[in-house]
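A short worksheet on the structure shown next.
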Amino acid sequence: MQIGSVDGLEGTTLGRLATDLGMSKSSLQALFPTKLDLQLATVAAAHDVFSDRVLGAAGRAEPGLPSVYAVLDAWIDCQDLFDGGCFFAAASHEFDGRPGPVRDALRNGLRRGLQVVAEQLRLAVRLGELAPDTDIDQLVFELHGAVLESNLARQLLGDPKSDDRARRAIRDRLDRAASTRQPQVNTPEVPGG
C-alpha cells in the first residue's frame, strides 16, 4: 500500500516488493502469480484498512450527524497513513479511465464509503438534524469533494492547513444543511376542539 500510494499500482511490482522486503521474487510469486493478483491484493488490503479506520468510525459514534463527522474526520486522517497520501485518491486517478478488475475493486470500495456517509445523512434527516428536503446525493458529493481536496492540497500544494480547511468546509456545509430545516412548531391544543 505504501508503494502504491507513492508510485502507483503500476509501480507496485513483485520485483520492487521483493527488494523492499528483502525476499526473493520467486517467494512472492507463490503468493501473487501475476501483477494483477498483486494489485488486487493491495487494493483489498487498503479496503481492509479503510473499512476499519474510516467506515468503522460510523459505528463508534452516535448515529446521524455525529457519525458523518466521525467518518469524514477519519477519512481525512487516513491520508496520513501513507507517504503518498490517500491510497484510494492516488489509485483512483491512475485507474479511473482503465476498465478492468482493479478499477472495479477501487470503484466498489469508494461506493461503499460514500454509501456509509449517505446512510448516516439519511438518518440525520429522519432524526431532524437535517432538513427533510436535503439532497443527499449532492451533499455526499460536496463532502467527499472536501476530503479529496484536502489530500490534493496537502500532497500537491504542500498546504499544511488542508485538513483544517476540509473540516471547516464540511462543518460549514453541514451547518447550512441543518439551518435550512423547518423549525418544528408546537401548536397549542384548542380546548374542546
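Just so we're on the same page: first chain in the C-alpha cells is A, next is B, and so on; residues restart at 1 for each chain, and ligands are numbered from 1 in the order they show up.
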Would you kindly return, as a PyMOL selection string, each protein, DNA or RNA residue with an atom no farther than 12 Å from any atom of Gln155 in chain A, considering only C-alpha atoms and excluding same-chain residues fewer than 5 positions away? chain A and resi 5-6+79-80+82-87+89-90+148-150+160-163
Could you tell me how far CA of Ala57 in chain A sits from CA of Ala70 in chain A, in Å to one decimal place? 5.6 Å
Go through range 101-134 of chain A residue by residue and, counting only C-alpha atoms, keep those with an atom at most 12 Å from range 30-44 of chain A; for each kept residue give the shortest atom pair and its distance in Å to one decimal, ordered by chain and increasing number, as JSON lines.
```
{"residue": "A:Pro101", "atom": "CA", "partner": "A:Leu40", "partner_atom": "CA", "distance": 7.7}
{"residue": "A:Val102", "atom": "CA", "partner": "A:Leu40", "partner_atom": "CA", "distance": 6.0}
{"residue": "A:Arg103", "atom": "CA", "partner": "A:Leu40", "partner_atom": "CA", "distance": 9.5}
{"residue": "A:Asp104", "atom": "CA", "partner": "A:Leu40", "partner_atom": "CA", "distance": 9.9}
{"residue": "A:Ala105", "atom": "CA", "partner": "A:Val43", "partner_atom": "CA", "distance": 7.0}
{"residue": "A:Leu106", "atom": "CA", "partner": "A:Val43", "partner_atom": "CA", "distance": 6.9}
{"residue": "A:Arg107", "atom": "CA", "partner": "A:Val43", "partner_atom": "CA", "distance": 10.6}
{"residue": "A:Asn108", "atom": "CA", "partner": "A:Val43", "partner_atom": "CA", "distance": 10.6}
{"residue": "A:Gly109", "atom": "CA", "partner": "A:Val43", "partner_atom": "CA", "distance": 8.8}
{"residue": "A:Leu110", "atom": "CA", "partner": "A:Val43", "partner_atom": "CA", "distance": 11.2}
```
In Å, with one decimal, what is the gap from CA of Phe50 in chain A to CA of Asp172 in chain A?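 For CA of Phe50 in chain A relative to CA of Asp172 in chain A, the distance reads 25.0 Å.
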Work out how far CA of Arg53 in chain A is from CA of Asp175 in chain A, in Å to one decimal. 25.0 Å
Determine, counting only C-alpha atoms, which protein, DNA and RNA residues have an atom within 10 Å of an atom of Ser51 in chain A; residues of the same chain fewer than 4 positions away are not included. Present the result as a list of chain:residue names. A:Ala45, A:Ala46, A:His47, A:Leu55, A:Gly56, A:Ala57, A:Gly109, A:Arg112, A:Gly113
Minimum-distance residue to Arg173 in chain A, chosen among A:Asp52, A:Asp159, A:Glu142, A:Asp73 (using only C-alpha atoms): A:Glu142
Contacts of Glu119 in chain A within 9 Å, only C-alpha atoms, excl. fewer than 5 positions in-chain, as a ChimeraX atom specification: /A:64,114,124
I'd like the neighbourhood of Leu139 in chain A as a PyMOL selection string, where a residue qualifies if any of its atoms comes within 9 Å (using only C-alpha atoms), though same-chain residues fewer than 5 positions away should be ignored. chain A and resi 118+121+134+144+173-174+177
Got a sec: who's within 10 Å of Gln120 in chain A, counting only C-alpha atoms, leaving out chain neighbours fewer than 5 positions off, as a ChimeraX atom specification? /A:58,62-69,71,115,125-126,136
Just asking: which residues within chain A are alpha helix (DSSP H) according to DSSP, as a JSON list (two decimals) with C-alpha atoms, in the first residue's frame?
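Listed below is the output, out-v2.json:
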```
[["chain", "number", "residue", "atom", "x", "y", "z"],
["A", 2, "GLN", "CA", 2.89, 2.33, 0.81],
["A", 3, "ILE", "CA", 4.48, 1.76, -2.60],
["A", 4, "GLY", "CA", 1.12, 2.11, -4.34],
["A", 5, "SER", "CA", 0.40, 5.44, -2.66],
["A", 6, "VAL", "CA", 3.67, 6.91, -3.94],
["A", 7, "ASP", "CA", 4.49, 5.07, -7.17],
["A", 14, "LEU", "CA", 6.89, -8.12, -7.48],
["A", 15, "GLY", "CA", 10.50, -7.07, -8.11],
["A", 16, "ARG", "CA", 10.09, -3.81, -6.20],
["A", 17, "LEU", "CA", 8.25, -5.52, -3.37],
["A", 18, "ALA", "CA", 10.88, -8.29, -3.17],
["A", 19, "THR", "CA", 13.66, -5.71, -2.96],
["A", 20, "ASP", "CA", 11.88, -3.66, -0.30],
["A", 21, "LEU", "CA", 11.11, -6.76, 1.79],
["A", 25, "LYS", "CA", 10.86, -12.55, -6.24],
["A", 26, "SER", "CA", 10.03, -16.25, -6.62],
["A", 27, "SER", "CA", 8.84, -16.38, -3.00],
["A", 28, "LEU", "CA", 6.40, -13.58, -3.71],
["A", 29, "GLN", "CA", 5.25, -15.18, -6.95],
["A", 30, "ALA", "CA", 3.89, -18.08, -4.91],
["A", 31, "LEU", "CA", 1.56, -15.55, -3.23],
["A", 35, "LYS", "CA", 0.91, -8.39, -11.30],
["A", 36, "LEU", "CA", -2.89, -8.20, -11.40],
["A", 37, "ASP", "CA", -3.07, -10.53, -8.39],
["A", 38, "LEU", "CA", -0.65, -8.26, -6.54],
["A", 39, "GLN", "CA", -2.63, -5.14, -7.46],
["A", 40, "LEU", "CA", -5.94, -6.69, -6.39],
["A", 41, "ALA", "CA", -4.43, -7.91, -3.12],
["A", 42, "THR", "CA", -3.07, -4.41, -2.49],
["A", 43, "VAL", "CA", -6.48, -2.84, -3.10],
["A", 44, "ALA", "CA", -8.13, -5.46, -0.86],
["A", 45, "ALA", "CA", -5.63, -4.73, 1.93],
["A", 46, "ALA", "CA", -6.27, -0.99, 1.55],
["A", 47, "HIS", "CA", -10.03, -1.66, 1.74],
["A", 48, "ASP", "CA", -9.49, -3.55, 5.00],
["A", 49, "VAL", "CA", -7.62, -0.58, 6.48],
["A", 50, "PHE", "CA", -10.23, 1.86, 5.14],
["A", 56, "GLY", "CA", -15.67, 1.72, 11.38],
["A", 57, "ALA", "CA", -15.83, 5.27, 12.75],
["A", 58, "ALA", "CA", -19.55, 5.26, 11.91],
["A", 59, "GLY", "CA", -20.14, 2.54, 14.47],
["A", 65, "LEU", "CA", -24.52, 13.77, 12.03],
["A", 66, "PRO", "CA", -22.02, 12.71, 14.73],
["A", 67, "SER", "CA", -21.36, 9.58, 12.68],
["A", 68, "VAL", "CA", -20.97, 11.63, 9.48],
["A", 69, "TYR", "CA", -18.41, 13.86, 11.17],
["A", 70, "ALA", "CA", -16.57, 10.84, 12.60],
["A", 71, "VAL", "CA", -16.34, 9.10, 9.21],
["A", 72, "LEU", "CA", -15.18, 12.22, 7.36],
["A", 73, "ASP", "CA", -12.65, 13.09, 10.07],
["A", 74, "ALA", "CA", -11.27, 9.55, 9.90],
["A", 75, "TRP", "CA", -11.19, 9.76, 6.08],
["A", 76, "ILE", "CA", -9.11, 12.93, 6.29],
["A", 77, "ASP", "CA", -6.85, 11.40, 8.96],
["A", 87, "PHE", "CA", -4.11, 5.44, -1.28],
["A", 88, "PHE", "CA", -7.51, 5.49, -2.97],
["A", 89, "ALA", "CA", -7.11, 9.00, -4.35],
["A", 90, "ALA", "CA", -3.83, 8.02, -5.99],
["A", 91, "ALA", "CA", -5.05, 4.67, -7.27],
["A", 92, "SER", "CA", -8.37, 6.07, -8.48],
["A", 93, "HIS", "CA", -6.67, 8.70, -10.60],
["A", 94, "GLU", "CA", -4.41, 6.03, -12.01],
["A", 95, "PHE", "CA", -7.25, 3.64, -12.91],
["A", 101, "PRO", "CA", -10.86, -5.68, -12.23],
["A", 102, "VAL", "CA", -8.59, -3.18, -10.44],
["A", 103, "ARG", "CA", -10.84, -0.28, -11.40],
["A", 104, "ASP", "CA", -13.89, -2.31, -10.36],
["A", 105, "ALA", "CA", -12.36, -3.05, -6.95],
["A", 106, "LEU", "CA", -11.48, 0.62, -6.42],
["A", 107, "ARG", "CA", -14.96, 1.73, -7.52],
["A", 108, "ASN", "CA", -16.70, -0.77, -5.24],
["A", 109, "GLY", "CA", -14.68, 0.37, -2.24],
["A", 110, "LEU", "CA", -15.35, 4.04, -2.92],
["A", 111, "ARG", "CA", -19.06, 3.36, -3.40],
["A", 112, "ARG", "CA", -19.18, 1.60, -0.04],
["A", 113, "GLY", "CA", -17.57, 4.58, 1.66],
["A", 114, "LEU", "CA", -19.97, 7.01, 0.05],
["A", 115, "GLN", "CA", -22.92, 4.75, 0.93],
["A", 116, "VAL", "CA", -21.99, 4.84, 4.60],
["A", 117, "VAL", "CA", -21.94, 8.65, 4.53],
["A", 118, "ALA", "CA", -25.25, 8.74, 2.62],
["A", 119, "GLU", "CA", -26.90, 6.30, 5.06],
["A", 120, "GLN", "CA", -25.91, 8.44, 8.02],
["A", 121, "LEU", "CA", -27.09, 11.61, 6.28],
["A", 122, "ARG", "CA", -30.48, 9.98, 5.58],
["A", 123, "LEU", "CA", -30.64, 9.03, 9.23],
["A", 124, "ALA", "CA", -29.79, 12.64, 10.16],
["A", 125, "VAL", "CA", -32.80, 13.75, 8.09],
["A", 126, "ARG", "CA", -35.04, 11.25, 9.91],
["A", 136, "ILE", "CA", -28.37, 13.62, -0.05],
["A", 137, "ASP", "CA", -26.56, 12.82, -3.30],
["A", 138, "GLN", "CA", -25.45, 16.44, -3.71],
["A", 139, "LEU", "CA", -24.39, 16.67, -0.08],
["A", 140, "VAL", "CA", -22.33, 13.45, -0.30],
["A", 141, "PHE", "CA", -20.68, 14.81, -3.48],
["A", 142, "GLU", "CA", -19.70, 18.07, -1.76],
["A", 143, "LEU", "CA", -18.48, 16.43, 1.44],
["A", 144, "HIS", "CA", -16.40, 13.90, -0.48],
["A", 145, "GLY", "CA", -15.03, 16.77, -2.57],
["A", 146, "ALA", "CA", -13.72, 18.43, 0.60],
["A", 147, "VAL", "CA", -11.99, 15.19, 1.63],
["A", 148, "LEU", "CA", -10.39, 14.79, -1.80],
["A", 149, "GLU", "CA", -9.32, 18.43, -1.92],
["A", 150, "SER", "CA", -7.60, 18.13, 1.46],
["A", 151, "ASN", "CA", -5.47, 15.30, 0.06],
["A", 152, "LEU", "CA", -4.68, 17.18, -3.15],
["A", 153, "ALA", "CA", -3.86, 20.43, -1.35],
["A", 154, "ARG", "CA", -1.59, 18.60, 1.07],
["A", 155, "GLN", "CA", 0.17, 16.36, -1.46],
["A", 162, "SER", "CA", -5.53, 21.47, 4.19],
["A", 163, "ASP", "CA", -7.03, 19.16, 6.80],
["A", 164, "ASP", "CA", -8.34, 22.08, 8.85],
["A", 165, "ARG", "CA", -9.75, 23.70, 5.71],
["A", 166, "ALA", "CA", -11.51, 20.48, 4.74],
["A", 167, "ARG", "CA", -13.00, 20.05, 8.21],
["A", 168, "ARG", "CA", -14.20, 23.65, 8.16],
["A", 169, "ALA", "CA", -15.75, 23.19, 4.71],
["A", 170, "ILE", "CA", -17.52, 20.04, 5.91],
["A", 171, "ARG", "CA", -18.76, 21.72, 9.09],
["A", 172, "ASP", "CA", -19.95, 24.82, 7.18],
["A", 173, "ARG", "CA", -21.77, 22.73, 4.58],
["A", 174, "LEU", "CA", -23.49, 20.58, 7.18],
["A", 175, "ASP", "CA", -24.38, 23.69, 9.22],
["A", 176, "ARG", "CA", -26.03, 25.17, 6.13],
["A", 177, "ALA", "CA", -27.96, 21.95, 5.54],
["A", 178, "ALA", "CA", -29.05, 21.93, 9.17],
["A", 179, "SER", "CA", -30.09, 25.60, 9.15]]
```
